[in-house]
Amino acid sequence: MPKSRRDQVILLNESRYKRITRDKKEEFITQIQECMDKYPHIYVLDMTGSRTKHIRELRMKIRDNSTLIMARNKVMAVAFGKTPSDSYKQDSYKISEQLTGVSGVLFTTLEHDELFTLVNDLVIREPAVAGFTVSQDIVIEQGKKEFLPFSLEEEMVYLGLPIKVTDRVIDVLYDYQVCKAGQQLNAKQAKLLKIFGYELNEFHIKVKCHYWDGNFQRFK
């Protein structure tokens, strides 16, 4: 069964962009402009901190009515236009002004309220990495941790957790404070929290602006 052209995420990262020919660049710009002609609503999304799984999750949510494009901002700006005089559509150059940082452009049939409901519901939790600032004190309580394989004994000791193994069960010898609120995690703390199932990092998509029928709205 052929894949629907409506179910798309078009990605063009910086390294690939450096290798594409002028013809390929023009082809990509044409794709963006075809999307502008096809879809009534365009949103610029702040995708800072996004990973492949975040993009995949968003894609699943929008697959029936949208196309998401992520590329170098300069390439996308050419497609929309950079000034009033070279705008592909009326005032579409304003979209280009919002293409900063890690941005994705969503072409869709979703109205404003529908899009915001989707984005607000799309919160992806994952383990924190080194450098993440925690908002709470976290303590691993004393006692046996039967959900952990005893083969982690050596790693637990390396990560600083006070343990012993009794009858193939990891036993935490006393309450152990992993981190305090306001502290930035180091690599060992982040690894320990991941092992114990803490998902402190939340990925949120922010909507930067909305363009439709020559109208433009920017969001704070």
# chains A, B, ... in the order shown; residues from 1 in each chain; ligands from 1

call {"tool": "select_by_dssp", "arguments": {"residues": "segment 52-157 of chain A", "states": "helix (DSSP H, G or I)", "output": "JSON, numbers by chain"}}
result
{"A": [52, 53, 54, 55, 56, 57, 58, 59, 60, 61, 62, 73, 74, 75, 76, 77, 78, 79, 80, 84, 85, 86, 93, 94, 95, 96, 112, 113, 114, 115, 116, 117, 118, 119, 120, 121, 150, 151, 152, 153, 154, 155, 156, 157]}

call {"tool": "closest_residue", "arguments": {"among": "A:Val157, A:Ile29, A:Leu110, A:Leu152", "to": "Lys61 of chain A", "atoms": "only C-alpha atoms"}}
result
A:Leu110

call {"tool": "closest_residue", "arguments": {"among": "A:Arg125, A:His112, A:Lys180, A:His54", "to": "Phe219 of chain A", "atoms": "only C-alpha atoms"}}
result
A:His112

call {"tool": "closest_residue", "arguments": {"among": "A:Leu185, A:Gly214, A:Phe132, A:Pro162", "to": "Pro84 of chain A", "atoms": "only C-alpha atoms"}}
result
A:Gly214

call {"tool": "select_by_dssp", "arguments": {"residues": "segment 28-131 of chain A", "states": "strand (DSSP E or B)", "output": "PDB file with N, CA, C and O atoms, in the first residue's frame"}}
result
ATOM      1  N   HIS A  41      -3.451  26.172   7.215  1.00  0.00           N
ATOM      2  CA  HIS A  41      -2.832  26.704   8.433  1.00  0.00           C
ATOM      3  C   HIS A  41      -1.349  26.338   8.493  1.00  0.00           C
ATOM      4  O   HIS A  41      -0.962  25.211   8.181  1.00  0.00           O
ATOM      5  N   ILE A  42      -0.552  27.297   8.917  1.00  0.00           N
ATOM      6  CA  ILE A  42       0.887  27.085   9.089  1.00  0.00           C
ATOM      7  C   ILE A  42       1.273  27.535  10.495  1.00  0.00           C
ATOM      8  O   ILE A  42       0.933  28.652  10.902  1.00  0.00           O
ATOM      9  N   TYR A  43       1.977  26.674  11.222  1.00  0.00           N
ATOM     10  CA  TYR A  43       2.453  27.002  12.567  1.00  0.00           C
ATOM     11  C   TYR A  43       3.960  26.783  12.625  1.00  0.00           C
ATOM     12  O   TYR A  43       4.467  25.781  12.113  1.00  0.00           O
ATOM     13  N   VAL A  44       4.660  27.708  13.255  1.00  0.00           N
ATOM     14  CA  VAL A  44       6.073  27.499  13.546  1.00  0.00           C
ATOM     15  C   VAL A  44       6.176  26.986  14.974  1.00  0.00           C
ATOM     16  O   VAL A  44       5.627  27.599  15.905  1.00  0.00           O
ATOM     17  N   LEU A  45       6.865  25.869  15.144  1.00  0.00           N
ATOM     18  CA  LEU A  45       6.984  25.226  16.451  1.00  0.00           C
ATOM     19  C   LEU A  45       8.411  25.347  16.963  1.00  0.00           C
ATOM     20  O   LEU A  45       9.373  25.160  16.206  1.00  0.00           O
ATOM     21  N   ASP A  46       8.532  25.654  18.239  1.00  0.00           N
ATOM     22  CA  ASP A  46       9.837  25.647  18.900  1.00  0.00           C
ATOM     23  C   ASP A  46      10.124  24.212  19.320  1.00  0.00           C
ATOM     24  O   ASP A  46       9.471  23.672  20.208  1.00  0.00           O
ATOM     25  N   SER A  66      -1.637  16.583   8.358  1.00  0.00           N
ATOM     26  CA  SER A  66      -0.567  17.573   8.465  1.00  0.00           C
ATOM     27  C   SER A  66       0.733  17.079   7.846  1.00  0.00           C
ATOM     28  O   SER A  66       0.926  15.882   7.633  1.00  0.00           O
ATOM     29  N   THR A  67       1.631  18.019   7.594  1.00  0.00           N
ATOM     30  CA  THR A  67       3.008  17.732   7.215  1.00  0.00           C
ATOM     31  C   THR A  67       3.929  18.579   8.087  1.00  0.00           C
ATOM     32  O   THR A  67       3.728  19.785   8.203  1.00  0.00           O
ATOM     33  N   LEU A  68       4.899  17.939   8.716  1.00  0.00           N
ATOM     34  CA  LEU A  68       5.872  18.638   9.546  1.00  0.00           C
ATOM     35  C   LEU A  68       7.194  18.711   8.798  1.00  0.00           C
ATOM     36  O   LEU A  68       7.705  17.694   8.325  1.00  0.00           O
ATOM     37  N   ILE A  69       7.753  19.901   8.692  1.00  0.00           N
ATOM     38  CA  ILE A  69       9.035  20.087   8.028  1.00  0.00           C
ATOM     39  C   ILE A  69      10.032  20.688   9.003  1.00  0.00           C
ATOM     40  O   ILE A  69       9.749  21.692   9.657  1.00  0.00           O
ATOM     41  N   MET A  70      11.194  20.052   9.117  1.00  0.00           N
ATOM     42  CA  MET A  70      12.295  20.582   9.903  1.00  0.00           C
ATOM     43  C   MET A  70      13.515  20.644   9.003  1.00  0.00           C
ATOM     44  O   MET A  70      13.900  19.640   8.409  1.00  0.00           O
ATOM     45  N   SER A 103      13.631  24.944  14.949  1.00  0.00           N
ATOM     46  CA  SER A 103      12.243  25.196  14.581  1.00  0.00           C
ATOM     47  C   SER A 103      11.711  24.119  13.651  1.00  0.00           C
ATOM     48  O   SER A 103      12.437  23.571  12.819  1.00  0.00           O
ATOM     49  N   GLY A 104      10.438  23.843  13.794  1.00  0.00           N
ATOM     50  CA  GLY A 104       9.727  22.990  12.851  1.00  0.00           C
ATOM     51  C   GLY A 104       8.555  23.786  12.308  1.00  0.00           C
ATOM     52  O   GLY A 104       8.011  24.649  13.001  1.00  0.00           O
ATOM     53  N   VAL A 105       8.187  23.512  11.079  1.00  0.00           N
ATOM     54  CA  VAL A 105       7.041  24.189  10.485  1.00  0.00           C
ATOM     55  C   VAL A 105       5.964  23.151  10.220  1.00  0.00           C
ATOM     56  O   VAL A 105       6.207  22.149   9.530  1.00  0.00           O
ATOM     57  N   LEU A 106       4.806  23.385  10.791  1.00  0.00           N
ATOM     58  CA  LEU A 106       3.693  22.450  10.660  1.00  0.00           C
ATOM     59  C   LEU A 106       2.663  23.023   9.692  1.00  0.00           C
ATOM     60  O   LEU A 106       2.096  24.088   9.932  1.00  0.00           O
ATOM     61  N   PHE A 107       2.442  22.308   8.603  1.00  0.00           N
ATOM     62  CA  PHE A 107       1.404  22.642   7.633  1.00  0.00           C
ATOM     63  C   PHE A 107       0.231  21.716   7.924  1.00  0.00           C
ATOM     64  O   PHE A 107       0.388  20.493   7.945  1.00  0.00           O
ATOM     65  N   THR A 108      -0.956  22.282   8.128  1.00  0.00           N
ATOM     66  CA  THR A 108      -2.031  21.450   8.655  1.00  0.00           C
ATOM     67  C   THR A 108      -3.414  22.008   8.338  1.00  0.00           C
ATOM     68  O   THR A 108      -3.566  23.171   7.941  1.00  0.00           O
ATOM     69  N   ILE A 124       6.086  14.722  26.815  1.00  0.00           N
ATOM     70  CA  ILE A 124       6.861  13.482  26.830  1.00  0.00           C
ATOM     71  C   ILE A 124       7.850  13.530  27.992  1.00  0.00           C
ATOM     72  O   ILE A 124       8.690  14.428  28.065  1.00  0.00           O
ATOM     73  N   ARG A 125       7.724  12.590  28.892  1.00  0.00           N
ATOM     74  CA  ARG A 125       8.607  12.517  30.053  1.00  0.00           C
ATOM     75  C   ARG A 125       9.724  11.509  29.771  1.00  0.00           C
ATOM     76  O   ARG A 125       9.492  10.461  29.159  1.00  0.00           O
ATOM     77  N   GLU A 126      10.926  11.853  30.230  1.00  0.00           N
ATOM     78  CA  GLU A 126      12.072  10.980  30.021  1.00  0.00           C
ATOM     79  C   GLU A 126      13.097  11.228  31.115  1.00  0.00           C
ATOM     80  O   GLU A 126      13.056  12.249  31.806  1.00  0.00           O
TER      81      GLU A 126
END

call {"tool": "closest_residue", "arguments": {"among": "A:Met36, A:Ile62, A:Leu115, A:Met156", "to": "Ile170 of chain A", "atoms": "only C-alpha atoms"}}
result
A:Met156

call {"tool": "residues_around", "arguments": {"residues": "Pro127 of chain A", "least_positions_apart": "5", "cutoff": "7 Å", "atoms": "only C-alpha atoms", "output": "PyMOL selection string"}}
result
chain A and resi 194+198-201

call {"tool": "atom_distance", "arguments": {"atom1": "atom CA of Asp86 of chain A", "atom2": "atom CA of Ile205 of chain A"}}
result
29.5 Å

call {"tool": "residues_around", "arguments": {"residues": "Asp171 of chain A", "least_positions_apart": "2", "cutoff": "12 Å", "atoms": "only C-alpha atoms", "output": "list in words"}}
result
Ile140, Glu141, Gln142, Gly143, Lys144, Lys145, Glu146, Phe147, Leu148, Pro149, Phe150, Leu152, Glu153, Met156, Val157, Leu161, Pro162, Ile163, Lys164, Val165, Thr166, Asp167, Arg168, Val169, Leu173, Tyr174, Asp175 and Tyr176 of chain A

call {"tool": "closest_residue", "arguments": {"among": "A:Asp91, A:Asp64, A:Glu34, A:Glu27", "to": "His210 of chain A", "atoms": "only C-alpha atoms"}}
result
A:Asp91

call {"tool": "residues_around", "arguments": {"residues": "Gln90 of chain A", "least_positions_apart": "3", "cutoff": "12 Å", "atoms": "only C-alpha atoms", "output": "mmCIF file with all heavy atoms, in the first residue's frame"}}
result
data_model
loop_
_atom_site.group_PDB
_atom_site.id
_atom_site.type_symbol
_atom_site.label_atom_id
_atom_site.label_comp_id
_atom_site.auth_asym_id
_atom_site.auth_seq_id
_atom_site.Cartn_x
_atom_site.Cartn_y
_atom_site.Cartn_z
ATOM 1 N N MET A 36 2.344 25.099 1.347
ATOM 2 C CA MET A 36 1.644 26.354 1.609
ATOM 3 C C MET A 36 0.357 26.446 0.788
ATOM 4 O O MET A 36 -0.654 26.980 1.251
ATOM 5 C CB MET A 36 2.545 27.541 1.291
ATOM 6 C CG MET A 36 3.728 27.698 2.221
ATOM 7 S SD MET A 36 4.704 29.172 1.848
ATOM 8 C CE MET A 36 3.579 30.452 2.400
ATOM 9 N N PHE A 80 9.470 30.842 2.146
ATOM 10 C CA PHE A 80 8.410 31.739 2.602
ATOM 11 C C PHE A 80 8.605 33.164 2.101
ATOM 12 O O PHE A 80 7.653 33.913 1.932
ATOM 13 C CB PHE A 80 8.353 31.761 4.138
ATOM 14 C CG PHE A 80 7.954 30.449 4.739
ATOM 15 C CD1 PHE A 80 8.811 29.769 5.597
ATOM 16 C CD2 PHE A 80 6.721 29.883 4.459
ATOM 17 C CE1 PHE A 80 8.440 28.553 6.153
ATOM 18 C CE2 PHE A 80 6.332 28.683 5.011
ATOM 19 C CZ PHE A 80 7.205 28.014 5.859
ATOM 20 N N GLY A 81 9.872 33.520 1.867
ATOM 21 C CA GLY A 81 10.200 34.898 1.544
ATOM 22 C C GLY A 81 10.782 35.585 2.765
ATOM 23 O O GLY A 81 10.425 35.267 3.897
ATOM 24 N N LYS A 82 11.674 36.539 2.509
ATOM 25 C CA LYS A 82 12.340 37.226 3.610
ATOM 26 C C LYS A 82 11.890 38.681 3.766
ATOM 27 O O LYS A 82 12.191 39.311 4.782
ATOM 28 C CB LYS A 82 13.853 37.176 3.415
ATOM 29 C CG LYS A 82 14.419 35.754 3.415
ATOM 30 C CD LYS A 82 15.934 35.768 3.233
ATOM 31 C CE LYS A 82 16.506 34.365 3.228
ATOM 32 N NZ LYS A 82 17.990 34.372 3.052
ATOM 33 N N THR A 83 11.208 39.186 2.777
ATOM 34 C CA THR A 83 10.740 40.576 2.803
ATOM 35 C C THR A 83 9.330 40.622 2.232
ATOM 36 O O THR A 83 8.884 39.667 1.563
ATOM 37 C CB THR A 83 11.648 41.494 1.967
ATOM 38 O OG1 THR A 83 11.547 41.115 0.587
ATOM 39 C CG2 THR A 83 13.107 41.389 2.424
ATOM 40 N N PRO A 84 8.617 41.723 2.447
ATOM 41 C CA PRO A 84 7.267 41.839 1.847
ATOM 42 C C PRO A 84 7.277 41.664 0.330
ATOM 43 O O PRO A 84 6.346 41.085 -0.237
ATOM 44 C CB PRO A 84 6.838 43.249 2.246
ATOM 45 C CG PRO A 84 7.586 43.530 3.505
ATOM 46 C CD PRO A 84 8.923 42.872 3.330
ATOM 47 N N SER A 85 8.339 42.099 -0.318
ATOM 48 C CA SER A 85 8.366 42.064 -1.778
ATOM 49 C C SER A 85 8.609 40.665 -2.349
ATOM 50 O O SER A 85 8.178 40.374 -3.467
ATOM 51 C CB SER A 85 9.441 43.023 -2.305
ATOM 52 O OG SER A 85 10.729 42.635 -1.831
ATOM 53 N N ASP A 86 9.294 39.794 -1.585
ATOM 54 C CA ASP A 86 9.547 38.455 -2.121
ATOM 55 C C ASP A 86 8.771 37.365 -1.390
ATOM 56 O O ASP A 86 9.075 36.182 -1.510
ATOM 57 C CB ASP A 86 11.043 38.141 -2.129
ATOM 58 C CG ASP A 86 11.644 37.970 -0.735
ATOM 59 O OD1 ASP A 86 10.893 38.066 0.255
ATOM 60 O OD2 ASP A 86 12.867 37.750 -0.635
ATOM 61 N N SER A 87 7.751 37.735 -0.627
ATOM 62 C CA SER A 87 6.915 36.755 0.064
ATOM 63 C C SER A 87 6.205 35.861 -0.947
ATOM 64 O O SER A 87 5.684 36.336 -1.963
ATOM 65 C CB SER A 87 5.874 37.457 0.932
ATOM 66 O OG SER A 87 6.466 38.063 2.051
ATOM 67 N N TYR A 93 6.468 36.355 4.688
ATOM 68 C CA TYR A 93 7.822 36.632 5.183
ATOM 69 C C TYR A 93 7.855 36.699 6.705
ATOM 70 O O TYR A 93 8.907 36.488 7.335
ATOM 71 C CB TYR A 93 8.347 37.948 4.595
ATOM 72 C CG TYR A 93 7.778 39.188 5.226
ATOM 73 C CD1 TYR A 93 8.433 39.833 6.273
ATOM 74 C CD2 TYR A 93 6.554 39.711 4.811
ATOM 75 C CE1 TYR A 93 7.908 40.975 6.869
ATOM 76 C CE2 TYR A 93 6.019 40.840 5.398
ATOM 77 C CZ TYR A 93 6.698 41.473 6.419
ATOM 78 O OH TYR A 93 6.169 42.597 7.019
ATOM 79 N N LYS A 94 6.708 36.979 7.320
ATOM 80 C CA LYS A 94 6.647 37.044 8.779
ATOM 81 C C LYS A 94 6.911 35.677 9.412
ATOM 82 O O LYS A 94 7.379 35.600 10.553
ATOM 83 C CB LYS A 94 5.295 37.591 9.231
ATOM 84 C CG LYS A 94 5.049 39.046 8.830
ATOM 85 C CD LYS A 94 3.710 39.538 9.315
ATOM 86 C CE LYS A 94 3.489 40.996 8.929
ATOM 87 N NZ LYS A 94 2.167 41.515 9.367
ATOM 88 N N ILE A 95 6.604 34.628 8.670
ATOM 89 C CA ILE A 95 6.921 33.281 9.153
ATOM 90 C C ILE A 95 8.432 33.127 9.274
ATOM 91 O O ILE A 95 8.951 32.599 10.262
ATOM 92 C CB ILE A 95 6.356 32.214 8.201
ATOM 93 C CG1 ILE A 95 4.840 32.343 8.089
ATOM 94 C CG2 ILE A 95 6.743 30.804 8.671
ATOM 95 C CD1 ILE A 95 4.224 31.435 7.038
ATOM 96 N N TYR A 211 -0.058 31.239 10.866
ATOM 97 C CA TYR A 211 -0.304 31.975 9.617
ATOM 98 C C TYR A 211 -1.459 31.311 8.886
ATOM 99 O O TYR A 211 -1.490 30.089 8.740
ATOM 100 C CB TYR A 211 0.953 31.951 8.744
ATOM 101 C CG TYR A 211 0.757 32.605 7.395
ATOM 102 C CD1 TYR A 211 0.999 33.967 7.206
ATOM 103 C CD2 TYR A 211 0.334 31.864 6.299
ATOM 104 C CE1 TYR A 211 0.820 34.568 5.969
ATOM 105 C CE2 TYR A 211 0.147 32.452 5.051
ATOM 106 C CZ TYR A 211 0.390 33.801 4.896
ATOM 107 O OH TYR A 211 0.202 34.390 3.663
ATOM 108 N N TRP A 212 -2.413 32.101 8.418
ATOM 109 C CA TRP A 212 -3.538 31.573 7.657
ATOM 110 C C TRP A 212 -4.159 32.696 6.813
ATOM 111 O O TRP A 212 -4.334 33.815 7.271
ATOM 112 C CB TRP A 212 -4.592 30.969 8.585
ATOM 113 C CG TRP A 212 -5.418 31.961 9.364
ATOM 114 C CD1 TRP A 212 -6.720 32.304 9.135
ATOM 115 C CD2 TRP A 212 -5.006 32.759 10.493
ATOM 116 N NE1 TRP A 212 -7.146 33.255 10.045
ATOM 117 C CE2 TRP A 212 -6.117 33.549 10.884
ATOM 118 C CE3 TRP A 212 -3.802 32.893 11.191
ATOM 119 C CZ2 TRP A 212 -6.054 34.446 11.951
ATOM 120 C CZ3 TRP A 212 -3.744 33.789 12.248
ATOM 121 C CH2 TRP A 212 -4.853 34.549 12.614
ATOM 122 N N ASP A 213 -4.439 32.414 5.568
ATOM 123 C CA ASP A 213 -5.104 33.349 4.662
ATOM 124 C C ASP A 213 -4.496 34.749 4.695
ATOM 125 O O ASP A 213 -5.225 35.756 4.688
ATOM 126 C CB ASP A 213 -6.601 33.443 5.005
ATOM 127 C CG ASP A 213 -7.336 32.145 4.713
ATOM 128 O OD1 ASP A 213 -6.908 31.414 3.796
ATOM 129 O OD2 ASP A 213 -8.324 31.859 5.402
ATOM 130 N N GLY A 214 -3.192 34.837 4.754
ATOM 131 C CA GLY A 214 -2.553 36.137 4.778
ATOM 132 C C GLY A 214 -2.522 36.789 6.144
ATOM 133 O O GLY A 214 -1.962 37.876 6.313
ATOM 134 N N ASN A 215 -3.119 36.125 7.137
ATOM 135 C CA ASN A 215 -3.127 36.640 8.512
ATOM 136 C C ASN A 215 -1.969 36.028 9.286
ATOM 137 O O ASN A 215 -1.550 34.894 9.024
ATOM 138 C CB ASN A 215 -4.449 36.301 9.210
ATOM 139 C CG ASN A 215 -5.638 36.902 8.494
ATOM 140 O OD1 ASN A 215 -5.749 38.117 8.372
ATOM 141 N ND2 ASN A 215 -6.522 36.044 7.999
ATOM 142 N N PHE A 216 -1.508 36.760 10.278
ATOM 143 C CA PHE A 216 -0.358 36.297 11.057
ATOM 144 C C PHE A 216 -0.568 36.633 12.515
ATOM 145 O O PHE A 216 -0.954 37.745 12.876
ATOM 146 C CB PHE A 216 0.931 36.967 10.564
ATOM 147 C CG PHE A 216 2.158 36.551 11.334
ATOM 148 C CD1 PHE A 216 2.845 35.404 11.016
ATOM 149 C CD2 PHE A 216 2.630 37.319 12.386
ATOM 150 C CE1 PHE A 216 3.975 35.013 11.712
ATOM 151 C CE2 PHE A 216 3.752 36.957 13.100
ATOM 152 C CZ PHE A 216 4.430 35.793 12.753
#

call {"tool": "closest_residue", "arguments": {"among": "A:Asp113, A:Ser151, A:Ala71, A:Gly160", "to": "Leu99 of chain A", "atoms": "only C-alpha atoms"}}
result
A:Ala71

call {"tool": "atom_distance", "arguments": {"atom1": "atom CA of Thr133 of chain A", "atom2": "atom CA of Ala187 of chain A"}}
result
12.4 Å

call {"tool": "atom_distance", "arguments": {"atom1": "atom CA of Gly49 of chain A", "atom2": "atom CA of Glu111 of chain A"}}
result
25.5 Å

call {"tool": "decode", "arguments": {"residues": "segment 119-129 of chain A", "atoms": "all heavy atoms", "output": "compact mmCIF listing (two decimals), in the first residue's frame"}}
result
# COMPACT_ATOMS: atom_id res chain seq x y z
N VAL A 119 -0.94 20.10 21.16
CA VAL A 119 0.39 20.41 21.68
C VAL A 119 0.42 20.33 23.20
O VAL A 119 1.36 19.81 23.80
CB VAL A 119 0.84 21.80 21.19
CG1 VAL A 119 2.07 22.26 21.96
CG2 VAL A 119 1.13 21.77 19.70
N ASN A 120 -0.62 20.84 23.84
CA ASN A 120 -0.67 20.82 25.31
C ASN A 120 -0.75 19.41 25.85
O ASN A 120 -0.28 19.12 26.96
CB ASN A 120 -1.85 21.65 25.81
CG ASN A 120 -1.65 23.14 25.60
OD1 ASN A 120 -0.52 23.63 25.50
ND2 ASN A 120 -2.74 23.89 25.51
N ASP A 121 -1.37 18.52 25.08
CA ASP A 121 -1.50 17.13 25.52
C ASP A 121 -0.22 16.32 25.25
O ASP A 121 -0.04 15.24 25.80
CB ASP A 121 -2.67 16.45 24.81
CG ASP A 121 -4.02 16.96 25.30
OD1 ASP A 121 -4.05 17.58 26.38
OD2 ASP A 121 -5.02 16.75 24.60
N LEU A 122 0.62 16.85 24.38
CA LEU A 122 1.82 16.11 23.99
C LEU A 122 2.99 16.48 24.90
O LEU A 122 3.82 17.31 24.58
CB LEU A 122 2.18 16.42 22.53
CG LEU A 122 3.31 15.59 21.92
CD1 LEU A 122 2.92 14.11 21.88
CD2 LEU A 122 3.66 16.09 20.53
N VAL A 123 3.01 15.86 26.07
CA VAL A 123 4.09 16.06 27.04
C VAL A 123 4.82 14.73 27.18
O VAL A 123 4.22 13.73 27.57
CB VAL A 123 3.56 16.52 28.40
CG1 VAL A 123 4.71 16.68 29.39
CG2 VAL A 123 2.80 17.83 28.27
N ILE A 124 6.09 14.72 26.81
CA ILE A 124 6.86 13.48 26.83
C ILE A 124 7.85 13.53 27.99
O ILE A 124 8.69 14.43 28.06
CB ILE A 124 7.61 13.30 25.50
CG1 ILE A 124 6.61 13.27 24.34
CG2 ILE A 124 8.45 12.01 25.53
CD1 ILE A 124 7.26 13.25 22.98
N ARG A 125 7.72 12.59 28.89
CA ARG A 125 8.61 12.52 30.05
C ARG A 125 9.72 11.51 29.77
O ARG A 125 9.49 10.46 29.16
CB ARG A 125 7.83 12.09 31.30
CG ARG A 125 6.73 13.08 31.69
CD ARG A 125 6.03 12.61 32.95
NE ARG A 125 6.93 12.57 34.09
CZ ARG A 125 7.16 13.60 34.90
NH1 ARG A 125 6.56 14.75 34.68
NH2 ARG A 125 7.99 13.49 35.91
N GLU A 126 10.93 11.85 30.23
CA GLU A 126 12.07 10.98 30.02
C GLU A 126 13.10 11.23 31.12
O GLU A 126 13.06 12.25 31.81
CB GLU A 126 12.68 11.24 28.65
CG GLU A 126 13.14 12.66 28.45
CD GLU A 126 13.58 12.93 27.03
OE1 GLU A 126 13.47 12.04 26.18
OE2 GLU A 126 14.03 14.06 26.77
N PRO A 127 14.04 10.30 31.29
CA PRO A 127 15.06 10.50 32.31
C PRO A 127 15.89 11.75 32.05
O PRO A 127 16.17 12.10 30.90
CB PRO A 127 15.92 9.23 32.19
CG PRO A 127 15.01 8.22 31.59
CD PRO A 127 14.14 8.98 30.64
N ALA A 128 16.29 12.42 33.13
CA ALA A 128 17.14 13.60 33.01
C ALA A 128 18.57 13.18 32.71
O ALA A 128 18.99 12.07 33.04
CB ALA A 128 17.08 14.40 34.31
N VAL A 129 19.30 14.07 32.09
CA VAL A 129 20.71 13.82 31.79
C VAL A 129 21.57 14.76 32.61
O VAL A 129 21.07 15.67 33.28
CB VAL A 129 21.00 14.00 30.29
CG1 VAL A 129 20.19 13.00 29.46
CG2 VAL A 129 20.67 15.42 29.83
